[in-house]
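Data block below; observations after.
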Amino acid sequence: MGVEIAARGQTVCAKLVGDIDHHSAREMRCVIDVAVRENDAKELILDFSGVTFMDSSGIGLVMGRYKVMCEREGRLTIARLPGYIRKVMKVAGINRLARIVEDYELPKEQEQEVMKVETTN
Amino acid sequence: MKRPINEMKVVFPSLSENERFARITVSGFLSFIDPKVDELADIKTAVSEAVTNCIVHGYPDKVGQIELCVKVFEDNTVRIKISDKGCGIEDIDRAMQPLFTTKPEEDRAGLGFAVMESFMDKIKVKSKLGKGTAVTLEKAVAVRTRV
């Protein structure tokens with residue numbers, strides 16, 4: 001459980017893994033914000049394909065990252081949403097804040113930097 | 001309403017790691033009525049919201065006790081009561097308004113009650129300042145043939 005970060009230039013992709021609740025969201029958002037800062041990100045992609053559960057803490061996480069990317073004049077993309085998470089997102093009207101895509105592809109680079117951070121939950 | 005056909009009660013401290021414990025416990029208990037995957041996801045999400053409220057708002061500065069009761073009735077109605085003995089809610093109507101939160105700095109979306117309302121059939125909130133809050137959630141789960 002946790003976040004897998006993949007960075008390509010100024011694009012940061014954060015793959016969220018496991019349950020997103022108030023307990024796990026705290027650590028997830030710290031990891032994401034550090035990656036965004038360190039890579040001077042202009043685009044942040046949140047990949048939900050590995051998420052097994054999400055409550056409104058996940059919406060808070062998306063809204064918070066939207067603010068972070070706005071301050072950096074960057075863009076937020078949400079990708080690979082499982083069906084039941086789409087339902088939670090709908091309550092919040094997240095589609096007005098972020099671009100929601102079915103799938104995405106990161107620009108290819110010779111060196112692939114993947115950082116894995118495990119969180120406890 | 002008639003007497004429940006099955007019920008359980010569990011009491012646990014308001015630690016955030018128990019949010020997961022609470023929803024998994026409810027999910028495990030309800031397995032005997034074999035809810036559909038999406039019904040169970042709705043219930044787990046609502047339970048997670050209510051328990052998070054107890055932890056974040058009921059006991060903001062201390063660890064207190066949270067009580068979780070689940071009752072299942074003959075017609076497969078599930079009633080879940082989540083209560084704390086924390087600080088209570090000053091204005092319930094305002095607290096239940098979508099996007100209203102007293103803790104925006106912690107990335108709280110203010111959608112806990114909105115999620116509970118839209119994922120469950122009924123919600124009842126009782127609160128007394130300084131005494132605590134009790135949230136009762138109800139959902140009719142589709143009856144499936146039991147073997």
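Letters A, B, ... mark the chains of the structure tokens in the order given; residue numbers begin at 1 per chain; ligand numbers begin at 1, in order shown.
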Handout entry: Near-stretch 44-59 of chain A list (7 Å; only C-alpha atoms; drop same-chain fewer than 2 positions) as a ChimeraX atom specification
Key = /A:11-22,25,41-42,61-63,75-82,85,88-89 /B:45,48-49,108-109,111-112
Residues from last step as file, N, CA and C atoms, as a CSV table (one decimal), in the first residue's frame:
chain,number,residue,atom,x,y,z
A,11,THR,N,6.6,16.0,-15.7
A,11,THR,CA,5.4,15.2,-15.5
A,11,THR,C,5.6,14.2,-14.4
A,12,VAL,N,4.8,14.3,-13.4
A,12,VAL,CA,4.9,13.3,-12.3
A,12,VAL,C,3.6,12.5,-12.3
A,13,CYS,N,3.9,11.2,-12.3
A,13,CYS,CA,2.7,10.2,-12.2
A,13,CYS,C,2.8,9.6,-10.8
A,14,ALA,N,1.7,9.7,-10.1
A,14,ALA,CA,1.6,9.0,-8.8
A,14,ALA,C,0.5,7.9,-8.9
A,15,LYS,N,1.0,6.7,-8.8
A,15,LYS,CA,0.0,5.6,-8.7
A,15,LYS,C,-0.3,5.2,-7.3
A,16,LEU,N,-1.6,5.4,-7.0
A,16,LEU,CA,-2.1,5.2,-5.6
A,16,LEU,C,-2.4,3.7,-5.5
A,17,VAL,N,-2.0,3.1,-4.4
A,17,VAL,CA,-2.2,1.6,-4.2
A,17,VAL,C,-2.8,1.4,-2.8
A,18,GLY,N,-3.9,0.6,-2.8
A,18,GLY,CA,-4.5,0.2,-1.6
A,18,GLY,C,-5.7,1.0,-1.3
A,19,ASP,N,-6.1,1.1,0.0
A,19,ASP,CA,-7.2,1.9,0.5
A,19,ASP,C,-6.9,3.3,0.7
A,20,ILE,N,-7.8,4.2,0.2
A,20,ILE,CA,-7.6,5.6,0.6
A,20,ILE,C,-8.6,6.0,1.6
A,21,ASP,N,-8.2,6.3,2.8
A,21,ASP,CA,-9.1,6.8,3.8
A,21,ASP,C,-8.3,8.0,4.5
A,22,HIS,N,-8.9,8.5,5.6
A,22,HIS,CA,-8.3,9.6,6.3
A,22,HIS,C,-6.9,9.2,6.8
A,25,ALA,N,-4.5,8.7,3.6
A,25,ALA,CA,-4.3,9.9,2.7
A,25,ALA,C,-3.2,10.8,3.2
A,41,ALA,N,7.1,20.0,-11.0
A,41,ALA,CA,6.1,19.4,-11.9
A,41,ALA,C,5.1,20.4,-12.5
A,42,LYS,N,4.8,20.3,-13.8
A,42,LYS,CA,3.8,21.1,-14.5
A,42,LYS,C,2.6,20.2,-14.7
A,61,LEU,N,-8.0,14.6,-1.0
A,61,LEU,CA,-6.7,14.4,-1.6
A,61,LEU,C,-6.6,15.0,-3.0
A,62,VAL,N,-7.6,14.7,-3.8
A,62,VAL,CA,-7.6,15.3,-5.2
A,62,VAL,C,-7.8,16.8,-5.2
A,63,MET,N,-8.7,17.3,-4.3
A,63,MET,CA,-8.9,18.7,-4.3
A,63,MET,C,-7.7,19.5,-3.8
A,75,ARG,N,-1.1,21.4,-14.3
A,75,ARG,CA,-2.4,20.7,-14.6
A,75,ARG,C,-2.5,19.4,-13.8
A,76,LEU,N,-3.7,19.0,-13.5
A,76,LEU,CA,-4.0,17.8,-12.8
A,76,LEU,C,-4.8,16.8,-13.6
A,77,THR,N,-4.4,15.6,-13.7
A,77,THR,CA,-5.1,14.6,-14.5
A,77,THR,C,-5.4,13.4,-13.6
A,78,ILE,N,-6.6,12.9,-13.7
A,78,ILE,CA,-7.0,11.7,-13.0
A,78,ILE,C,-7.2,10.6,-14.0
A,79,ALA,N,-6.6,9.4,-13.7
A,79,ALA,CA,-6.6,8.3,-14.7
A,79,ALA,C,-7.0,7.0,-14.1
A,80,ARG,N,-7.5,6.1,-14.9
A,80,ARG,CA,-7.8,4.7,-14.6
A,80,ARG,C,-8.6,4.5,-13.4
A,81,LEU,N,-9.8,5.2,-13.4
A,81,LEU,CA,-10.7,5.1,-12.2
A,81,LEU,C,-11.5,3.8,-12.2
A,82,PRO,N,-11.4,3.0,-11.2
A,82,PRO,CA,-12.3,1.9,-11.1
A,82,PRO,C,-13.8,2.4,-10.9
A,85,ILE,N,-15.1,3.9,-7.6
A,85,ILE,CA,-14.5,5.2,-7.2
A,85,ILE,C,-15.0,6.3,-8.0
A,88,VAL,N,-17.8,7.8,-6.1
A,88,VAL,CA,-17.5,8.7,-5.0
A,88,VAL,C,-17.0,10.0,-5.6
A,89,MET,N,-16.3,10.0,-6.7
A,89,MET,CA,-15.9,11.2,-7.4
A,89,MET,C,-17.1,12.1,-7.8
B,45,THR,N,-18.2,2.5,2.5
B,45,THR,CA,-17.8,3.9,2.4
B,45,THR,C,-18.5,4.8,3.4
B,48,SER,N,-17.0,4.3,6.8
B,48,SER,CA,-15.7,4.9,6.9
B,48,SER,C,-15.8,6.4,7.1
B,49,GLU,N,-16.8,7.0,6.5
B,49,GLU,CA,-17.1,8.5,6.7
B,49,GLU,C,-17.5,8.8,8.1
B,108,ARG,N,-9.6,18.1,4.2
B,108,ARG,CA,-10.9,17.5,4.4
B,108,ARG,C,-11.9,18.2,3.3
B,109,ALA,N,-12.6,17.3,2.6
B,109,ALA,CA,-13.4,17.9,1.5
B,109,ALA,C,-14.8,18.4,2.0
B,111,LEU,N,-17.3,16.5,2.6
B,111,LEU,CA,-18.3,15.7,1.9
B,111,LEU,C,-18.7,14.4,2.6
B,112,GLY,N,-18.3,14.2,3.9
B,112,GLY,CA,-18.6,13.0,4.6
B,112,GLY,C,-20.1,12.7,4.7
Practice task
Tell me the residues of chain B close to chain A, meaning within 9 Å using only C-alpha atoms, as a PyMOL selection string.
Solution key: chain B and resi 15-20+38+41-42+44-46+48-49+52+56+98-99+104+106-112+114-115+118
Problem - Point-to-point distance in Å for atom CA of A:Ile100 and atom CA of A:Gly9 - result: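 Computed distance, atom CA of A:Gly9 to atom CA of A:Ile100, equals 21.4 Å.
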Problem - Contact residues around B:Val26 with only C-alpha atoms at 12 Å, ignoring same-chain residues under 3 positions, as an MDAnalysis selection string - result: chainID B and resid 7:10 19:23 29:33 35 40:48 51 68:72 78:82
Take the residues that were just selected and, keeping N, CA, C and O atoms, output them as a short mmCIF file (atom, residue, chain, number, x, y, z; two decimals), in the first residue's frame.
data_model
loop_
_atom_site.label_atom_id
_atom_site.label_comp_id
_atom_site.auth_asym_id
_atom_site.auth_seq_id
_atom_site.Cartn_x
_atom_site.Cartn_y
_atom_site.Cartn_z
N GLU B 7 -27.22 -9.31 15.15
CA GLU B 7 -26.67 -8.00 15.51
C GLU B 7 -25.28 -8.15 16.12
O GLU B 7 -24.89 -9.23 16.57
N MET B 8 -24.54 -7.07 16.09
CA MET B 8 -23.22 -7.08 16.72
C MET B 8 -22.87 -5.69 17.22
O MET B 8 -23.43 -4.69 16.78
N LYS B 9 -21.97 -5.66 18.17
CA LYS B 9 -21.51 -4.38 18.71
C LYS B 9 -20.01 -4.47 18.95
O LYS B 9 -19.52 -5.49 19.43
N VAL B 10 -19.31 -3.42 18.58
CA VAL B 10 -17.87 -3.40 18.84
C VAL B 10 -17.48 -1.99 19.30
O VAL B 10 -18.04 -1.00 18.84
N GLU B 19 -10.19 3.10 11.22
CA GLU B 19 -11.17 3.38 10.15
C GLU B 19 -11.30 2.13 9.28
O GLU B 19 -12.39 1.71 8.90
N ARG B 20 -10.15 1.57 8.95
CA ARG B 20 -10.11 0.36 8.14
C ARG B 20 -10.73 -0.83 8.89
O ARG B 20 -11.52 -1.59 8.34
N PHE B 21 -10.37 -0.95 10.16
CA PHE B 21 -10.92 -2.02 11.00
C PHE B 21 -12.45 -1.97 11.00
O PHE B 21 -13.11 -3.00 10.84
N ALA B 22 -13.00 -0.77 11.17
CA ALA B 22 -14.46 -0.62 11.28
C ALA B 22 -15.16 -1.08 10.00
O ALA B 22 -16.10 -1.86 10.05
N ARG B 23 -14.69 -0.62 8.84
CA ARG B 23 -15.42 -0.98 7.60
C ARG B 23 -15.23 -2.45 7.24
O ARG B 23 -16.14 -3.08 6.71
N PHE B 29 -19.18 -8.95 8.99
CA PHE B 29 -20.41 -9.31 9.70
C PHE B 29 -21.57 -9.51 8.72
O PHE B 29 -22.37 -10.43 8.87
N LEU B 30 -21.65 -8.63 7.70
CA LEU B 30 -22.78 -8.68 6.77
C LEU B 30 -22.68 -9.80 5.74
O LEU B 30 -23.62 -10.02 4.96
N SER B 31 -21.57 -10.53 5.77
CA SER B 31 -21.39 -11.56 4.73
C SER B 31 -22.50 -12.62 4.76
O SER B 31 -22.80 -13.23 3.74
N PHE B 32 -23.16 -12.81 5.91
CA PHE B 32 -24.20 -13.85 5.98
C PHE B 32 -25.45 -13.50 5.17
O PHE B 32 -26.23 -14.38 4.83
N ILE B 33 -25.64 -12.19 4.84
CA ILE B 33 -26.77 -11.86 3.96
C ILE B 33 -26.31 -11.71 2.51
O ILE B 33 -27.10 -11.38 1.63
N PRO B 35 -24.46 -9.53 0.55
CA PRO B 35 -24.81 -8.32 -0.22
C PRO B 35 -24.06 -8.30 -1.55
O PRO B 35 -23.03 -8.95 -1.69
N LEU B 40 -22.22 -3.46 -0.80
CA LEU B 40 -21.21 -3.55 0.26
C LEU B 40 -20.23 -2.37 0.17
O LEU B 40 -19.85 -1.80 1.20
N ALA B 41 -19.87 -1.98 -1.05
CA ALA B 41 -18.96 -0.84 -1.23
C ALA B 41 -19.61 0.43 -0.69
O ALA B 41 -18.96 1.23 -0.01
N ASP B 42 -20.91 0.60 -0.94
CA ASP B 42 -21.64 1.77 -0.43
C ASP B 42 -21.62 1.80 1.10
O ASP B 42 -21.35 2.83 1.71
N ILE B 43 -21.92 0.65 1.70
CA ILE B 43 -21.98 0.57 3.16
C ILE B 43 -20.60 0.83 3.77
O ILE B 43 -20.45 1.60 4.72
N LYS B 44 -19.58 0.21 3.20
CA LYS B 44 -18.21 0.39 3.72
C LYS B 44 -17.79 1.86 3.64
O LYS B 44 -17.16 2.39 4.56
N THR B 45 -18.15 2.52 2.54
CA THR B 45 -17.77 3.92 2.37
C THR B 45 -18.47 4.79 3.42
O THR B 45 -17.84 5.63 4.06
N ALA B 46 -19.78 4.53 3.63
CA ALA B 46 -20.54 5.33 4.60
C ALA B 46 -19.99 5.12 6.02
O ALA B 46 -19.85 6.08 6.79
N VAL B 47 -19.67 3.87 6.37
CA VAL B 47 -19.11 3.57 7.70
C VAL B 47 -17.77 4.29 7.88
O VAL B 47 -17.50 4.90 8.92
N SER B 48 -16.95 4.26 6.84
CA SER B 48 -15.65 4.92 6.90
C SER B 48 -15.81 6.42 7.15
O SER B 48 -15.06 7.01 7.94
N VAL B 51 -17.03 6.98 10.90
CA VAL B 51 -15.97 6.72 11.87
C VAL B 51 -14.90 7.82 11.79
O VAL B 51 -14.39 8.29 12.81
N LEU B 68 -19.70 0.94 17.59
CA LEU B 68 -20.27 0.59 16.29
C LEU B 68 -21.26 -0.56 16.49
O LEU B 68 -20.89 -1.62 16.98
N CYS B 69 -22.53 -0.31 16.16
CA CYS B 69 -23.55 -1.36 16.29
C CYS B 69 -24.15 -1.64 14.93
O CYS B 69 -24.47 -0.71 14.19
N VAL B 70 -24.29 -2.89 14.60
CA VAL B 70 -24.93 -3.25 13.33
C VAL B 70 -26.08 -4.21 13.62
O VAL B 70 -25.91 -5.17 14.37
N LYS B 71 -27.23 -3.92 13.03
CA LYS B 71 -28.40 -4.80 13.17
C LYS B 71 -28.91 -5.14 11.79
O LYS B 71 -28.96 -4.28 10.91
N VAL B 72 -29.29 -6.40 11.62
CA VAL B 72 -29.89 -6.81 10.35
C VAL B 72 -31.30 -7.32 10.65
O VAL B 72 -31.49 -8.12 11.58
N VAL B 78 -30.36 -3.16 6.80
CA VAL B 78 -29.18 -3.07 7.65
C VAL B 78 -29.21 -1.72 8.35
O VAL B 78 -29.36 -0.69 7.70
N ARG B 79 -29.10 -1.75 9.67
CA ARG B 79 -29.05 -0.48 10.41
C ARG B 79 -27.73 -0.41 11.18
O ARG B 79 -27.40 -1.32 11.95
N ILE B 80 -27.00 0.65 10.95
CA ILE B 80 -25.67 0.81 11.57
C ILE B 80 -25.66 2.09 12.39
O ILE B 80 -26.00 3.16 11.89
N LYS B 81 -25.26 1.94 13.65
CA LYS B 81 -25.17 3.13 14.51
C LYS B 81 -23.72 3.32 14.92
O LYS B 81 -23.08 2.41 15.44
N ILE B 82 -23.21 4.52 14.65
CA ILE B 82 -21.83 4.84 15.01
C ILE B 82 -21.88 6.03 15.97
O ILE B 82 -22.38 7.10 15.61
#
Practice task
From a DSSP pass on the backbone, collect the residues of stretch 27-83 of chain A flagged as helix (DSSP H, G or I) and hand them back as a list of chain:residue names.
Solution key: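 DSSP on the backbone gives helix (DSSP H, G or I) at A:Glu27, A:Met28, A:Arg29, A:Cys30, A:Val31, A:Ile32, A:Asp33, A:Val34, A:Ala35, A:Val36, A:Arg37, A:Glu38, A:Ser56, A:Ser57, A:Gly58, A:Ile59, A:Gly60, A:Leu61, A:Val62, A:Met63, A:Gly64, A:Arg65, A:Tyr66, A:Lys67, A:Val68, A:Met69, A:Cys70, A:Glu71, A:Gly83.
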Exercise for the section: Apply DSSP to the backbone of this structure and, from chain B, keep only the residues in strand (DSSP E); write these as a ChimeraX atom specification. Expected result: /B:6-13,65-72,77-84,122-128,132-140
Kindly export the residues of the current selection with N, CA and C atoms, as a tab-separated table (two decimals), in the first residue's frame.
chain	number	residue	atom	x	y	z
B	6	ASN	N	-30.08	-10.60	13.44
B	6	ASN	CA	-28.68	-10.74	13.86
B	6	ASN	C	-28.14	-9.35	14.20
B	7	GLU	N	-27.22	-9.31	15.15
B	7	GLU	CA	-26.67	-8.00	15.51
B	7	GLU	C	-25.28	-8.15	16.12
B	8	MET	N	-24.54	-7.07	16.09
B	8	MET	CA	-23.22	-7.08	16.72
B	8	MET	C	-22.87	-5.69	17.22
B	9	LYS	N	-21.97	-5.66	18.17
B	9	LYS	CA	-21.51	-4.38	18.71
B	9	LYS	C	-20.01	-4.47	18.95
B	10	VAL	N	-19.31	-3.42	18.58
B	10	VAL	CA	-17.87	-3.40	18.84
B	10	VAL	C	-17.48	-1.99	19.30
B	11	VAL	N	-16.58	-1.93	20.26
B	11	VAL	CA	-16.11	-0.64	20.78
B	11	VAL	C	-14.61	-0.58	20.57
B	12	PHE	N	-14.14	0.55	20.02
B	12	PHE	CA	-12.70	0.67	19.75
B	12	PHE	C	-12.25	2.12	19.94
B	13	PRO	N	-10.94	2.33	20.19
B	13	PRO	CA	-10.45	3.70	20.39
B	13	PRO	C	-10.40	4.47	19.06
B	65	GLN	N	-13.62	6.72	22.92
B	65	GLN	CA	-14.20	5.46	22.45
B	65	GLN	C	-15.25	5.68	21.37
B	66	ILE	N	-15.23	4.79	20.39
B	66	ILE	CA	-16.23	4.81	19.34
B	66	ILE	C	-17.00	3.49	19.43
B	67	GLU	N	-18.32	3.58	19.37
B	67	GLU	CA	-19.14	2.37	19.42
B	67	GLU	C	-19.81	2.16	18.07
B	68	LEU	N	-19.70	0.94	17.59
B	68	LEU	CA	-20.27	0.59	16.29
B	68	LEU	C	-21.26	-0.56	16.49
B	69	CYS	N	-22.53	-0.31	16.16
B	69	CYS	CA	-23.55	-1.36	16.29
B	69	CYS	C	-24.15	-1.64	14.93
B	70	VAL	N	-24.29	-2.89	14.60
B	70	VAL	CA	-24.93	-3.25	13.33
B	70	VAL	C	-26.08	-4.21	13.62
B	71	LYS	N	-27.23	-3.92	13.03
B	71	LYS	CA	-28.40	-4.80	13.17
B	71	LYS	C	-28.91	-5.14	11.79
B	72	VAL	N	-29.29	-6.40	11.62
B	72	VAL	CA	-29.89	-6.81	10.35
B	72	VAL	C	-31.30	-7.32	10.65
B	77	THR	N	-32.94	-5.30	5.86
B	77	THR	CA	-32.55	-3.92	6.14
B	77	THR	C	-31.38	-3.95	7.12
B	78	VAL	N	-30.36	-3.16	6.80
B	78	VAL	CA	-29.18	-3.07	7.65
B	78	VAL	C	-29.21	-1.72	8.35
B	79	ARG	N	-29.10	-1.75	9.67
B	79	ARG	CA	-29.05	-0.48	10.41
B	79	ARG	C	-27.73	-0.41	11.18
B	80	ILE	N	-27.00	0.65	10.95
B	80	ILE	CA	-25.67	0.81	11.57
B	80	ILE	C	-25.66	2.09	12.39
B	81	LYS	N	-25.26	1.94	13.65
B	81	LYS	CA	-25.17	3.13	14.51
B	81	LYS	C	-23.72	3.32	14.92
B	82	ILE	N	-23.21	4.52	14.65
B	82	ILE	CA	-21.83	4.84	15.01
B	82	ILE	C	-21.88	6.03	15.97
B	83	SER	N	-21.38	5.81	17.19
B	83	SER	CA	-21.50	6.90	18.15
B	83	SER	C	-20.21	7.17	18.91
B	84	ASP	N	-20.05	8.41	19.32
B	84	ASP	CA	-18.90	8.79	20.14
B	84	ASP	C	-19.39	9.59	21.34
B	122	LYS	N	-31.17	5.94	4.45
B	122	LYS	CA	-31.59	6.86	5.51
B	122	LYS	C	-30.39	7.22	6.38
B	123	ILE	N	-30.41	8.45	6.88
B	123	ILE	CA	-29.39	8.84	7.85
B	123	ILE	C	-30.04	9.70	8.92
B	124	LYS	N	-29.66	9.42	10.17
B	124	LYS	CA	-30.19	10.20	11.28
B	124	LYS	C	-29.00	10.63	12.14
B	125	VAL	N	-28.95	11.90	12.47
B	125	VAL	CA	-27.84	12.40	13.29
B	125	VAL	C	-28.39	12.99	14.57
B	126	LYS	N	-27.86	12.51	15.69
B	126	LYS	CA	-28.24	13.06	17.00
B	126	LYS	C	-26.96	13.55	17.65
B	127	SER	N	-27.00	14.75	18.19
B	127	SER	CA	-25.79	15.27	18.82
B	127	SER	C	-26.12	16.21	19.95
B	128	LYS	N	-25.26	16.18	20.96
B	128	LYS	CA	-25.41	17.09	22.09
B	128	LYS	C	-24.02	17.64	22.41
B	132	GLY	N	-21.62	14.19	22.89
B	132	GLY	CA	-21.29	13.23	21.82
B	132	GLY	C	-22.28	13.25	20.67
B	133	THR	N	-21.98	12.40	19.70
B	133	THR	CA	-22.77	12.35	18.47
B	133	THR	C	-23.06	10.89	18.12
B	134	ALA	N	-24.28	10.66	17.62
B	134	ALA	CA	-24.62	9.32	17.12
B	134	ALA	C	-25.20	9.45	15.71
B	135	VAL	N	-24.63	8.70	14.80
B	135	VAL	CA	-25.12	8.68	13.42
B	135	VAL	C	-25.73	7.31	13.16
B	136	THR	N	-26.97	7.28	12.70
B	136	THR	CA	-27.61	6.01	12.36
B	136	THR	C	-27.83	5.96	10.85
B	137	LEU	N	-27.32	4.90	10.25
B	137	LEU	CA	-27.40	4.73	8.80
B	137	LEU	C	-28.25	3.51	8.51
B	138	GLU	N	-29.05	3.58	7.47
B	138	GLU	CA	-29.89	2.44	7.12
B	138	GLU	C	-29.86	2.18	5.63
B	139	LYS	N	-29.82	0.93	5.28
B	139	LYS	CA	-29.87	0.57	3.86
B	139	LYS	C	-30.57	-0.77	3.69
B	140	ALA	N	-31.46	-0.83	2.72
B	140	ALA	CA	-32.13	-2.09	2.40
B	140	ALA	C	-31.26	-2.84	1.39
Handout entry: For atom CA of A:Asn95 and atom CA of A:Tyr66, the interatomic separation in Å (one decimal)
Key = 11.4 Å
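Closest to B:Glu39 among B:Asp121, B:Lys103, B:Lys131, B:Ser14 is B:Asp121, based on only C-alpha atoms.
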Exercise for the section: Just give me the gap between atom CA of A:Asp33 and atom CA of A:Lys67 in Å, one decimal is fine. Expected result: 11.2 Å
